[in-house]
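What follows is the content of final.cif, which has mmCIF, C-alpha atoms and all ligand atoms:
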```
data_final
#
loop_
_atom_site.label_atom_id
_atom_site.label_comp_id
_atom_site.auth_asym_id
_atom_site.auth_seq_id
_atom_site.Cartn_x
_atom_site.Cartn_y
_atom_site.Cartn_z
CA MET R 1254 129.94 141.30 118.79
CA SER R 1255 126.72 139.90 117.52
CA THR R 1256 125.60 140.50 113.98
CA THR R 1257 122.14 140.23 112.53
CA ARG R 1258 122.09 138.06 109.48
CA PHE R 1259 118.97 139.63 108.07
CA PRO R 1260 118.89 143.40 107.99
CA SER R 1261 115.52 144.75 108.98
CA LEU R 1262 113.35 145.89 106.12
CA PRO R 1263 111.52 149.20 106.02
CA LYS R 1264 107.99 148.83 107.33
CA PRO R 1265 105.37 148.74 104.61
CA LEU R 1266 103.50 152.01 104.26
CA PHE R 1267 100.12 150.41 104.00
CA GLY R 1268 98.48 147.79 106.15
CA VAL R 1269 98.83 144.30 104.84
CA SER R 1270 96.76 141.33 105.83
CA LYS R 1271 99.76 139.19 106.52
CA SER R 1272 101.84 139.79 109.58
CA TRP R 1273 104.93 141.91 109.23
CA LYS R 1274 107.12 138.99 110.24
CA GLN R 1275 106.33 137.04 107.12
CA TYR R 1276 108.03 139.65 104.98
CA SER R 1277 111.17 139.84 107.02
CA LYS R 1278 112.65 136.46 106.27
CA GLU R 1279 112.15 133.58 103.91
CA ARG R 1280 111.21 130.52 105.93
CA ALA R 1281 113.22 127.30 105.98
CA ILE R 1282 110.90 124.33 106.57
CA LEU R 1283 111.93 120.68 106.57
CA HIS R 1284 109.61 117.70 106.23
CA ILE R 1285 111.20 114.49 107.47
CA ASP R 1286 109.64 111.15 106.60
CA MET R 1287 111.11 107.86 107.78
CA ASN R 1288 110.99 105.35 104.94
CA ALA R 1289 108.74 102.26 105.17
CA PHE R 1290 108.90 102.89 108.89
CA PHE R 1291 107.58 99.74 110.65
CA ALA R 1292 109.21 97.42 108.12
CA SER R 1293 112.53 99.29 108.16
CA VAL R 1294 112.67 99.13 111.95
CA GLU R 1295 112.15 95.36 111.90
CA GLN R 1296 114.75 94.91 109.16
CA ALA R 1297 117.24 97.01 111.10
CA GLN R 1298 116.69 95.00 114.27
CA ARG R 1299 116.56 91.53 112.68
CA PRO R 1300 119.36 91.19 110.14
CA TYR R 1301 117.81 88.08 108.55
CA LEU R 1302 115.00 90.28 107.26
CA LYS R 1303 117.36 92.58 105.39
CA GLY R 1304 116.82 92.57 101.63
CA LYS R 1305 113.65 90.49 101.99
CA PRO R 1306 110.07 91.54 101.29
CA VAL R 1307 108.55 92.19 104.72
CA LEU R 1308 104.98 92.98 105.66
CA ILE R 1309 104.07 94.35 109.07
CA SER R 1310 100.61 93.50 110.34
CA ALA R 1311 98.78 93.79 113.62
CA ASP R 1312 97.29 90.34 113.17
CA PRO R 1313 99.59 88.25 111.02
CA TYR R 1314 98.26 84.78 111.75
CA GLY R 1315 95.92 83.28 109.22
CA THR R 1316 92.89 83.28 111.50
CA PRO R 1317 89.51 84.13 109.99
CA LYS R 1318 89.99 87.60 111.49
CA GLY R 1319 93.44 87.76 109.94
CA ALA R 1320 91.86 87.46 106.52
CA ARG R 1321 90.70 91.04 106.93
CA SER R 1322 93.81 92.48 108.48
CA VAL R 1323 96.02 94.79 106.49
CA ALA R 1324 99.69 95.31 105.79
CA ALA R 1325 100.43 98.31 108.00
CA THR R 1326 103.71 98.76 106.17
CA ALA R 1327 105.41 96.94 103.32
CA SER R 1328 109.19 97.05 102.92
CA TYR R 1329 110.56 98.39 99.65
CA GLU R 1330 111.35 94.83 98.56
CA ALA R 1331 107.63 93.98 98.92
CA ARG R 1332 106.55 97.18 97.22
CA ALA R 1333 108.47 96.04 94.15
CA TYR R 1334 105.77 93.36 93.82
CA GLY R 1335 103.01 95.96 93.88
CA VAL R 1336 102.18 95.60 97.57
CA LYS R 1337 100.95 98.85 99.03
CA THR R 1338 100.63 100.08 102.59
CA GLY R 1339 97.11 99.53 103.88
CA MET R 1340 96.42 96.68 101.47
CA PRO R 1341 94.49 93.69 102.89
CA LEU R 1342 96.96 91.03 103.94
CA PHE R 1343 95.47 88.27 101.80
CA GLN R 1344 95.84 90.46 98.70
CA ALA R 1345 99.42 91.37 99.61
CA LYS R 1346 100.20 87.65 100.01
CA GLU R 1347 98.81 86.94 96.54
CA LEU R 1348 101.12 89.53 95.01
CA CYS R 1349 104.15 88.52 97.03
CA PRO R 1350 103.70 84.97 98.38
CA HIS R 1351 107.22 84.69 99.82
CA ALA R 1352 106.89 87.89 101.88
CA VAL R 1353 107.81 87.51 105.55
CA ILE R 1354 104.92 88.64 107.71
CA VAL R 1355 105.89 90.19 111.01
CA GLU R 1356 103.62 91.11 113.87
CA GLY R 1357 103.77 94.84 114.54
CA ASP R 1358 105.01 96.13 117.87
CA ALA R 1359 103.22 99.40 118.63
CA ARG R 1360 105.26 100.10 121.75
CA LYS R 1361 108.51 99.83 119.90
CA TYR R 1362 107.40 102.10 117.04
CA THR R 1363 105.93 104.69 119.37
CA GLY R 1364 109.16 104.70 121.38
CA ILE R 1365 111.23 105.30 118.27
CA SER R 1366 108.82 107.98 117.12
CA LEU R 1367 109.23 109.86 120.40
CA LYS R 1368 112.98 109.59 120.20
CA PHE R 1369 112.84 110.80 116.60
CA LEU R 1370 110.99 113.93 117.78
CA GLU R 1371 113.60 114.44 120.49
CA ILE R 1372 116.34 114.36 117.86
CA LEU R 1373 114.48 116.97 115.81
CA LYS R 1374 114.01 119.15 118.89
CA THR R 1375 117.77 119.50 119.20
CA PHE R 1376 117.65 121.69 116.06
CA THR R 1377 114.61 123.86 116.87
CA ASP R 1378 111.65 124.14 119.24
CA LEU R 1379 109.32 124.29 116.25
CA VAL R 1380 108.68 120.59 115.68
CA GLU R 1381 105.25 119.49 114.49
CA PRO R 1382 104.60 115.74 114.41
CA TYR R 1383 102.57 114.87 111.31
CA SER R 1384 102.24 111.12 111.81
CA ILE R 1385 104.15 108.42 113.67
CA ASP R 1386 107.05 108.63 111.22
CA GLU R 1387 106.79 112.16 109.82
CA ALA R 1388 107.31 115.65 111.15
CA PHE R 1389 107.77 119.24 110.05
CA ILE R 1390 110.44 121.45 111.56
CA ASP R 1391 111.01 125.18 111.10
CA VAL R 1392 114.72 126.07 111.21
CA THR R 1393 114.37 129.65 109.95
CA ASN R 1394 115.71 131.09 113.18
CA THR R 1395 118.15 128.36 114.10
CA GLU R 1396 120.00 127.87 110.82
CA HIS R 1397 122.87 130.02 112.03
CA LEU R 1398 123.35 127.74 115.04
CA PHE R 1399 123.52 124.40 113.26
CA GLY R 1400 124.67 125.17 109.72
CA ASN R 1401 122.34 125.90 106.85
CA LYS R 1402 119.11 124.02 106.18
CA VAL R 1403 120.78 121.45 103.94
CA GLU R 1404 123.49 120.74 106.52
CA ILE R 1405 120.80 120.35 109.17
CA ALA R 1406 118.97 117.89 106.94
CA LYS R 1407 122.17 115.87 106.46
CA LYS R 1408 122.77 115.82 110.22
CA ILE R 1409 119.23 114.57 110.83
CA LYS R 1410 119.64 111.81 108.27
CA LYS R 1411 122.86 110.74 109.95
CA LEU R 1412 121.29 110.75 113.43
CA VAL R 1413 118.26 108.75 112.27
CA LYS R 1414 120.59 106.19 110.67
CA GLU R 1415 122.82 105.98 113.75
CA ASN R 1416 119.98 105.74 116.26
CA PHE R 1417 117.49 103.52 114.46
CA GLY R 1418 119.43 101.98 111.57
CA ILE R 1419 116.91 103.27 109.03
CA THR R 1420 116.75 105.93 106.34
CA CYS R 1421 114.50 108.95 105.93
CA SER R 1422 113.55 111.27 103.11
CA ILE R 1423 113.76 114.99 103.74
CA GLY R 1424 112.14 117.77 101.74
CA ILE R 1425 113.12 121.41 102.21
CA GLY R 1426 110.96 124.30 101.11
CA PRO R 1427 109.77 127.80 102.02
CA ASN R 1428 106.63 126.32 103.62
CA LYS R 1429 105.14 123.04 104.86
CA LEU R 1430 103.32 122.26 101.64
CA VAL R 1431 106.40 122.54 99.44
CA ALA R 1432 108.59 120.70 101.98
CA LYS R 1433 106.10 117.82 102.00
CA ILE R 1434 105.93 117.71 98.21
CA ALA R 1435 109.75 117.73 98.10
CA SER R 1436 110.17 114.85 100.55
CA ASP R 1437 107.83 112.70 98.47
CA LEU R 1438 109.97 113.19 95.36
CA GLU R 1439 112.85 110.97 96.40
CA LYS R 1440 112.28 107.74 98.31
CA PRO R 1441 113.98 106.10 100.04
CA ASP R 1442 116.81 108.17 101.55
CA GLY R 1443 116.08 111.36 99.59
CA LEU R 1444 117.05 114.99 100.14
CA VAL R 1445 115.26 117.44 97.88
CA VAL R 1446 115.40 121.23 98.15
CA ILE R 1447 112.86 123.46 96.43
CA GLU R 1448 113.78 127.15 96.66
CA LYS R 1449 111.15 129.86 96.78
CA LYS R 1450 112.65 131.61 93.76
CA ASP R 1451 112.05 128.51 91.65
CA LEU R 1452 108.34 128.35 92.43
CA PRO R 1453 105.88 127.67 91.01
CA GLU R 1454 107.64 126.23 87.94
CA ALA R 1455 109.71 123.77 90.02
CA ILE R 1456 106.54 121.84 90.91
CA TRP R 1457 104.40 122.44 87.82
CA HIS R 1458 105.39 119.22 86.05
CA LEU R 1459 104.11 117.12 88.97
CA PRO R 1460 100.77 115.29 88.82
CA VAL R 1461 97.95 116.86 90.87
CA GLU R 1462 98.06 114.04 93.40
CA ALA R 1463 101.44 115.37 94.58
CA ILE R 1464 99.43 117.82 96.68
CA PRO R 1465 98.49 116.35 100.07
CA GLY R 1466 94.70 116.47 100.12
CA ILE R 1467 94.26 115.34 96.55
CA GLY R 1468 93.38 111.69 96.92
CA ARG R 1469 92.17 109.28 94.29
CA LYS R 1470 88.65 110.66 94.14
CA ARG R 1471 89.67 114.29 93.62
CA MET R 1472 92.40 113.26 91.22
CA LEU R 1473 89.93 111.38 89.00
CA LYS R 1474 87.52 114.29 89.06
CA MET R 1475 90.30 116.70 88.10
CA ASN R 1476 91.53 114.40 85.35
CA LEU R 1477 88.01 114.37 83.91
CA MET R 1478 88.15 118.17 83.87
CA GLY R 1479 91.41 117.99 81.91
CA ILE R 1480 93.59 118.82 84.94
CA HIS R 1481 96.55 116.48 85.15
CA THR R 1482 99.55 118.49 86.31
CA LEU R 1483 99.97 121.22 88.90
CA LYS R 1484 100.41 123.65 85.99
CA ASP R 1485 96.98 122.66 84.64
CA LEU R 1486 95.53 123.23 88.09
CA ALA R 1487 97.29 126.56 88.60
CA LEU R 1488 96.05 127.98 85.30
CA TYR R 1489 92.49 126.61 85.48
CA PRO R 1490 89.70 129.22 85.79
CA GLN R 1491 89.18 129.65 89.52
CA GLU R 1492 85.41 130.03 89.24
CA ASN R 1493 85.13 126.57 87.70
CA LEU R 1494 87.28 125.04 90.42
CA ARG R 1495 85.12 126.67 93.05
CA ARG R 1496 82.01 125.28 91.41
CA ALA R 1497 83.47 121.76 91.26
CA PHE R 1498 85.22 121.59 94.66
CA GLY R 1499 83.86 124.49 96.69
CA ILE R 1500 86.29 126.57 98.70
CA VAL R 1501 88.70 123.61 98.73
CA GLY R 1502 89.15 124.23 94.99
CA VAL R 1503 90.62 127.65 95.73
CA TYR R 1504 92.95 126.21 98.38
CA LEU R 1505 94.11 123.53 95.96
CA GLN R 1506 94.79 126.10 93.25
CA ASN R 1507 96.91 128.14 95.67
CA ALA R 1508 98.73 124.94 96.52
CA ALA R 1509 99.53 124.44 92.83
CA PHE R 1510 101.47 127.72 93.03
CA GLY R 1511 103.33 126.39 96.08
CA LEU R 1512 101.58 128.88 98.36
CA ASP R 1513 101.06 128.05 102.02
CA ASP R 1514 101.63 130.24 105.06
CA SER R 1515 100.51 127.85 107.78
CA PRO R 1516 102.96 127.85 110.70
CA VAL R 1517 104.79 124.85 112.13
CA VAL R 1518 102.90 124.29 115.36
CA PRO R 1519 104.53 122.24 118.13
CA GLU R 1520 102.16 119.59 119.50
CA GLU R 1521 101.96 121.18 122.94
CA LYS R 1522 100.54 124.37 121.38
CA ILE R 1523 97.63 122.66 119.64
CA GLY R 1524 94.46 123.36 121.60
CA ASP R 1525 92.24 120.62 122.99
CA PRO R 1526 88.68 120.19 121.73
CA LYS R 1527 85.78 120.97 124.08
CA SER R 1528 83.83 117.96 122.88
CA ILE R 1529 84.36 115.20 120.37
CA SER R 1530 81.79 113.68 118.09
CA SER R 1531 81.92 111.22 115.30
CA ALA R 1532 79.06 110.34 112.95
CA SER R 1533 78.49 108.27 109.88
CA THR R 1534 75.78 107.98 107.24
CA PHE R 1535 74.81 104.54 106.00
CA GLY R 1536 75.10 103.79 102.30
CA LYS R 1537 71.44 102.78 102.49
CA ASP R 1538 68.96 103.65 105.28
CA THR R 1539 68.61 100.65 107.55
CA LEU R 1540 66.58 98.94 110.29
CA ASP R 1541 69.28 96.35 110.88
CA GLU R 1542 70.29 96.57 114.55
CA GLU R 1543 73.55 94.73 114.00
CA LYS R 1544 74.59 97.17 111.28
CA ILE R 1545 73.79 100.13 113.49
CA ALA R 1546 75.69 98.59 116.40
CA SER R 1547 78.66 97.85 114.19
CA ALA R 1548 78.79 101.46 112.96
CA LEU R 1549 78.50 102.76 116.51
CA PHE R 1550 81.33 100.47 117.55
CA TYR R 1551 83.59 101.91 114.88
CA LEU R 1552 82.61 105.52 115.61
CA THR R 1553 83.06 105.11 119.35
CA GLU R 1554 86.52 103.83 118.77
CA LYS R 1555 87.31 106.71 116.45
CA ALA R 1556 86.11 109.25 119.02
CA VAL R 1557 88.03 107.56 121.86
CA LEU R 1558 91.23 107.51 119.88
CA ARG R 1559 90.88 111.22 119.19
CA MET R 1560 90.24 111.85 122.86
CA LYS R 1561 93.33 109.85 123.80
CA ARG R 1562 95.51 111.78 121.39
CA HIS R 1563 94.65 114.91 123.35
CA ARG R 1564 95.09 113.09 126.67
CA LEU R 1565 91.49 113.82 127.67
CA LYS R 1566 88.83 111.91 129.57
CA ALA R 1567 85.06 112.24 129.27
CA THR R 1568 82.17 112.62 131.70
CA VAL R 1569 79.33 112.66 129.18
CA VAL R 1570 78.55 110.09 126.51
CA GLY R 1571 75.79 110.61 123.96
CA VAL R 1572 74.40 108.77 120.96
CA TRP R 1573 72.17 110.20 118.27
CA LEU R 1574 70.33 108.84 115.28
CA ARG R 1575 69.02 110.57 112.20
CA TYR R 1576 66.13 108.89 110.45
CA GLU R 1577 65.10 108.52 106.84
CA ASP R 1578 62.88 111.62 107.14
CA PHE R 1579 65.85 113.62 108.50
CA SER R 1580 64.38 113.88 111.99
CA SER R 1581 66.96 113.33 114.73
CA GLU R 1582 66.91 111.96 118.21
CA GLY R 1583 69.68 111.96 120.79
CA LYS R 1584 70.20 110.52 124.26
CA GLY R 1585 73.08 110.93 126.67
CA GLU R 1586 74.38 109.88 130.08
CA LYS R 1587 76.54 111.62 132.58
CA VAL R 1588 79.07 109.15 133.93
CA LYS R 1589 80.07 109.16 137.59
CA GLN R 1590 83.74 108.61 137.02
CA GLU R 1591 85.66 110.11 134.12
CA ILE R 1592 86.32 107.56 131.43
CA SER R 1593 89.04 107.36 128.84
CA THR R 1594 89.36 103.83 127.47
CA PHE R 1595 87.50 102.35 124.55
CA GLU R 1596 85.93 99.59 126.68
CA GLU R 1597 84.52 102.11 129.16
CA VAL R 1598 83.08 104.45 126.55
CA LYS R 1599 81.72 101.54 124.52
CA TYR R 1600 79.85 100.24 127.57
CA HIS R 1601 77.95 103.53 127.92
CA ALA R 1602 77.44 104.11 124.20
CA PHE R 1603 75.90 100.68 123.75
CA ARG R 1604 73.73 101.04 126.82
CA ILE R 1605 72.34 104.24 125.31
CA LEU R 1606 71.90 102.64 121.92
CA GLU R 1607 69.75 99.92 123.46
CA ARG R 1608 67.22 102.58 124.38
CA PHE R 1609 66.74 103.30 120.67
CA MET R 1610 66.33 99.66 119.67
CA PRO R 1611 64.53 98.40 117.72
CA PRO R 1612 64.61 101.54 115.59
CA LYS R 1613 61.19 103.01 114.94
CA LYS R 1614 62.12 104.23 111.46
CA HIS R 1615 64.87 103.51 108.95
CA VAL R 1616 68.11 104.95 110.26
CA ARG R 1617 70.13 107.22 108.02
CA LEU R 1618 72.94 108.25 110.35
CA VAL R 1619 74.39 107.27 113.71
CA GLY R 1620 76.68 109.41 115.81
CA VAL R 1621 78.49 109.35 119.14
CA TYR R 1622 79.31 112.33 121.33
CA LEU R 1623 81.88 112.68 124.13
CA GLY R 1624 81.52 115.73 126.34
CA GLY R 1625 82.61 117.19 129.67
CA LEU R 1626 86.20 116.60 128.59
CA LYS R 1627 88.98 117.04 131.12
CA LYS R 1628 92.72 116.77 130.82
CA ILE R 1629 94.35 113.62 132.19
CA GLU R 1630 96.86 115.04 134.67
CA PHE R 1631 98.64 111.86 135.61
CA GLU R 1632 98.89 108.75 133.54
CA ASP R 1633 96.94 106.06 135.40
CA ILE R 1634 99.07 103.11 136.16
CA SER R 1635 97.33 99.88 135.36
CA LEU R 1636 97.51 97.25 138.03
CA PHE R 1637 96.12 94.61 135.80
CA LYS R 1638 97.77 93.24 132.75
CA SER R 1639 94.52 93.00 130.85
CA GLU R 1640 94.01 96.75 131.27
CA SER R 1641 97.40 97.65 129.94
CA LYS R 1642 96.85 95.24 127.06
CA LYS R 1643 93.67 97.05 126.13
CA ARG R 1644 95.58 100.31 126.14
CA MET R 1645 98.24 98.81 123.93
CA VAL R 1646 95.58 97.83 121.42
CA ASP R 1647 94.22 101.40 121.49
CA ASP R 1648 97.74 102.75 120.97
CA LEU R 1649 98.48 100.44 118.08
CA ILE R 1650 95.24 101.43 116.38
CA ILE R 1651 95.96 105.13 116.86
CA GLU R 1652 99.40 104.85 115.35
CA THR R 1653 98.44 102.64 112.44
CA ARG R 1654 95.52 104.87 111.49
CA LYS R 1655 97.66 107.97 111.76
CA LYS R 1656 100.05 106.39 109.36
CA CYS R 1657 97.87 104.43 106.99
CA GLY R 1658 94.54 106.17 107.05
CA PRO R 1659 91.34 105.92 109.09
CA CYS R 1660 90.27 102.49 107.85
CA SER R 1661 93.65 100.75 107.83
CA LEU R 1662 93.17 98.85 111.06
CA LEU R 1663 89.71 98.00 112.35
CA ARG R 1664 88.38 95.91 115.19
CA ALA R 1665 86.54 92.98 113.61
CA ARG R 1666 83.21 94.08 115.04
CA SER R 1667 83.18 97.30 113.03
CA LEU R 1668 83.47 95.31 109.80
CA ILE R 1669 80.08 93.68 110.09
CA GLY R 1670 77.55 94.81 107.55
CA GLU R 1671 77.88 97.16 104.64
CA LYS R 1672 80.57 99.74 104.16
CA ILE R 1673 79.76 102.93 105.99
CA VAL R 1674 80.12 106.34 104.47
CA MET R 1675 82.07 108.62 106.72
CA THR R 1676 80.71 112.12 107.21
MG MG K 1701 107.10 107.23 106.00
#
```
Write-out of the structure in structure tokens:
Amino acid sequence: MSTTRFPSLPKPLFGVSKSWKQYSKERAILHIDMNAFFASVEQAQRPYLKGKPVLISADPYGTPKGARSVAATASYEARAYGVKTGMPLFQAKELCPHAVIVEGDARKYTGISLKFLEILKTFTDLVEPYSIDEAFIDVTNTEHLFGNKVEIAKKIKKLVKENFGITCSIGIGPNKLVAKIASDLEKPDGLVVIEKKDLPEAIWHLPVEAIPGIGRKRMLKMNLMGIHTLKDLALYPQENLRRAFGIVGVYLQNAAFGLDDSPVVPEEKIGDPKSISSASTFGKDTLDEEKIASALFYLTEKAVLRMKRHRLKATVVGVWLRYEDFSSEGKGEKVKQEISTFEEVKYHAFRILERFMPPKKHVRLVGVYLGGLKKIEFEDISLFKSESKKRMVDDLIIETRKKCGPCSLLRARSLIGEKIVMT
């Protein structure tokens, strides 16, 4: 005889904005984060690296280019010296001169990441990858099959250890936000549960930057307003937050109460974009062709990587400029054969850019547009090594940026000229 664990509740008498389902059961969400992922994998696979400070970099050799490369991950031993993920390699070496620098292996990390997701899928269909080494899972409806949420978390930790030889931190909460906050509380190898009944007080002592979405800039602004902890943020007059941060201010205040009803969405359910564009405003309006080209190079790459994540190919490439007087001008090309790699898109983008050069006025913004997107049905098999190498570079960049932020790994060309302001 089957029994229902949760008796059905009487239907509310009045319409509520939230769906009926949300009232029927408290959700059990886990956020799983593999610790110092790239470095831990290398330490697990090469015993001589165990216990040593290790830095993983895409370009570890001291070439002039290498001077600008970054530590994609630092092991905990290196972090003890103040090395942070995403730090330029030369700076990391100054802090920790005896660190062992290892060349990253994108294929290997991506393979482990996929296997990691497979492990999580044995506990529920609701698995949402968040980055190469992080994911959310919703076990609300599968707890009865695999033990309670804490037992599931322990099983996952064991499986990650057995399969990859590394540790992970797991946070459990009634929603994604609280689960993510919880997993950040104990690193490495943590397991932190925050129950709904203990909210919001259970998180109120934390600094505002515990909320994903509050980076350094917002944190400093909040600190200037006298907001240091989540309690400060929760109790701050909402009108003032709205004035300072816009609608984001309201979202962040809700977050300080631990409120979040966003669902865990499996990757295959996320819709594909109809077009992709990427634009950037210069710190200072410019006539410098090299600067404009360098920005376009970076933006093209950003757009291509987004396209690749959705497994799409493009048939239209466009470039547009906005001038100092805010007038805009755009040009595009329809391409005969669908294109999907960075080299292909770059060829067209730069050909279009040439038609704008030299610029007739100071340029304020440059943007790239990819349209006519179609799904890639079958993975093309590269006959030539050089082609597959190019793809590997694209893949490595995708994964590193997912993990370490949009500027963590750049092709050298996009570093020419001044820093660009992303819009
Ligand atoms: Mg991690």
Shell of 12 Å around Gly1620 (chain R), all atoms listed in the file, local chain residues under 4 positions omitted, as a PyMOL selection string: chain R and resi 1529-1535+1545-1556+1570-1576+1581-1585+1602-1603+1605-1606+1616+1675-1676
At most 12 Å from ligand MG 1701 (chain K) (all atoms listed in the file): residue list as a ChimeraX atom specification: /R:1284-1294,1325-1329,1338,1366,1383-1388,1419-1423,1433,1436-1437,1439-1443,1653,1655-1657
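Taking CA of Ala1333 (chain R) and CA of Leu1473 (chain R) as the two end points, the separation is 24.6 Å.
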Residue with smallest distance to Tyr1600 (chain R) - pool R:Lys1566, R:Gly1426, R:Glu1586, R:Glu1577, counting only C-alpha atoms: R:Glu1586
Nearest residue to Val1336 (chain R) from the set R:Gly1625, R:Pro1306, R:Gly1364, R:Pro1453 (distances using all atoms listed in the file):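 Once distances to Val1336 (chain R) are computed over all atoms listed in the file, the minimum belongs to R:Pro1306.
In this model, the gap between CA of Phe1595 (chain R) and CA of Ala1567 (chain R) comes to 11.2 Å.
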Atomic distance CA of Glu1520 (chain R) - CA of Lys1408 (chain R), expressed in Å with one decimal: 22.9 Å
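Nearest-residue note for Asp1513 (chain R): choosing from R:Ile1592, R:Leu1430, R:Asn1394, R:Glu1462, the minimum distance belongs to R:Leu1430, counting all atoms listed in the file.
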Box dimensions and centre (Å, one decimal) enclosing region 1603-1621 of chain R, axis-aligned, 4 Å extra per side, as JSON:
```
{"center_x": 69.8, "center_y": 103.9, "center_z": 117.4, "size_x": 25.3, "size_y": 19.0, "size_z": 26.8}
```
Mind checking which residues fall within 12 Å of Phe1376 (chain R), counting all atoms listed in the file, ignoring those fewer than 2 positions away in the same chain, and posting them as a CSV table (one decimal) with C-alpha atoms, in the coordinates of the input?
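Result file out-v3.csv:
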```
chain,number,residue,atom,x,y,z
R,1282,ILE,CA,110.9,124.3,106.6
R,1283,LEU,CA,111.9,120.7,106.6
R,1369,PHE,CA,112.8,110.8,116.6
R,1370,LEU,CA,111.0,113.9,117.8
R,1371,GLU,CA,113.6,114.4,120.5
R,1372,ILE,CA,116.3,114.4,117.9
R,1373,LEU,CA,114.5,117.0,115.8
R,1374,LYS,CA,114.0,119.2,118.9
R,1378,ASP,CA,111.6,124.1,119.2
R,1379,LEU,CA,109.3,124.3,116.2
R,1380,VAL,CA,108.7,120.6,115.7
R,1389,PHE,CA,107.8,119.2,110.0
R,1390,ILE,CA,110.4,121.4,111.6
R,1391,ASP,CA,111.0,125.2,111.1
R,1392,VAL,CA,114.7,126.1,111.2
R,1393,THR,CA,114.4,129.6,110.0
R,1394,ASN,CA,115.7,131.1,113.2
R,1395,THR,CA,118.2,128.4,114.1
R,1396,GLU,CA,120.0,127.9,110.8
R,1397,HIS,CA,122.9,130.0,112.0
R,1398,LEU,CA,123.4,127.7,115.0
R,1399,PHE,CA,123.5,124.4,113.3
R,1400,GLY,CA,124.7,125.2,109.7
R,1401,ASN,CA,122.3,125.9,106.8
R,1402,LYS,CA,119.1,124.0,106.2
R,1404,GLU,CA,123.5,120.7,106.5
R,1405,ILE,CA,120.8,120.4,109.2
R,1406,ALA,CA,119.0,117.9,106.9
R,1408,LYS,CA,122.8,115.8,110.2
R,1409,ILE,CA,119.2,114.6,110.8
R,1412,LEU,CA,121.3,110.8,113.4
```
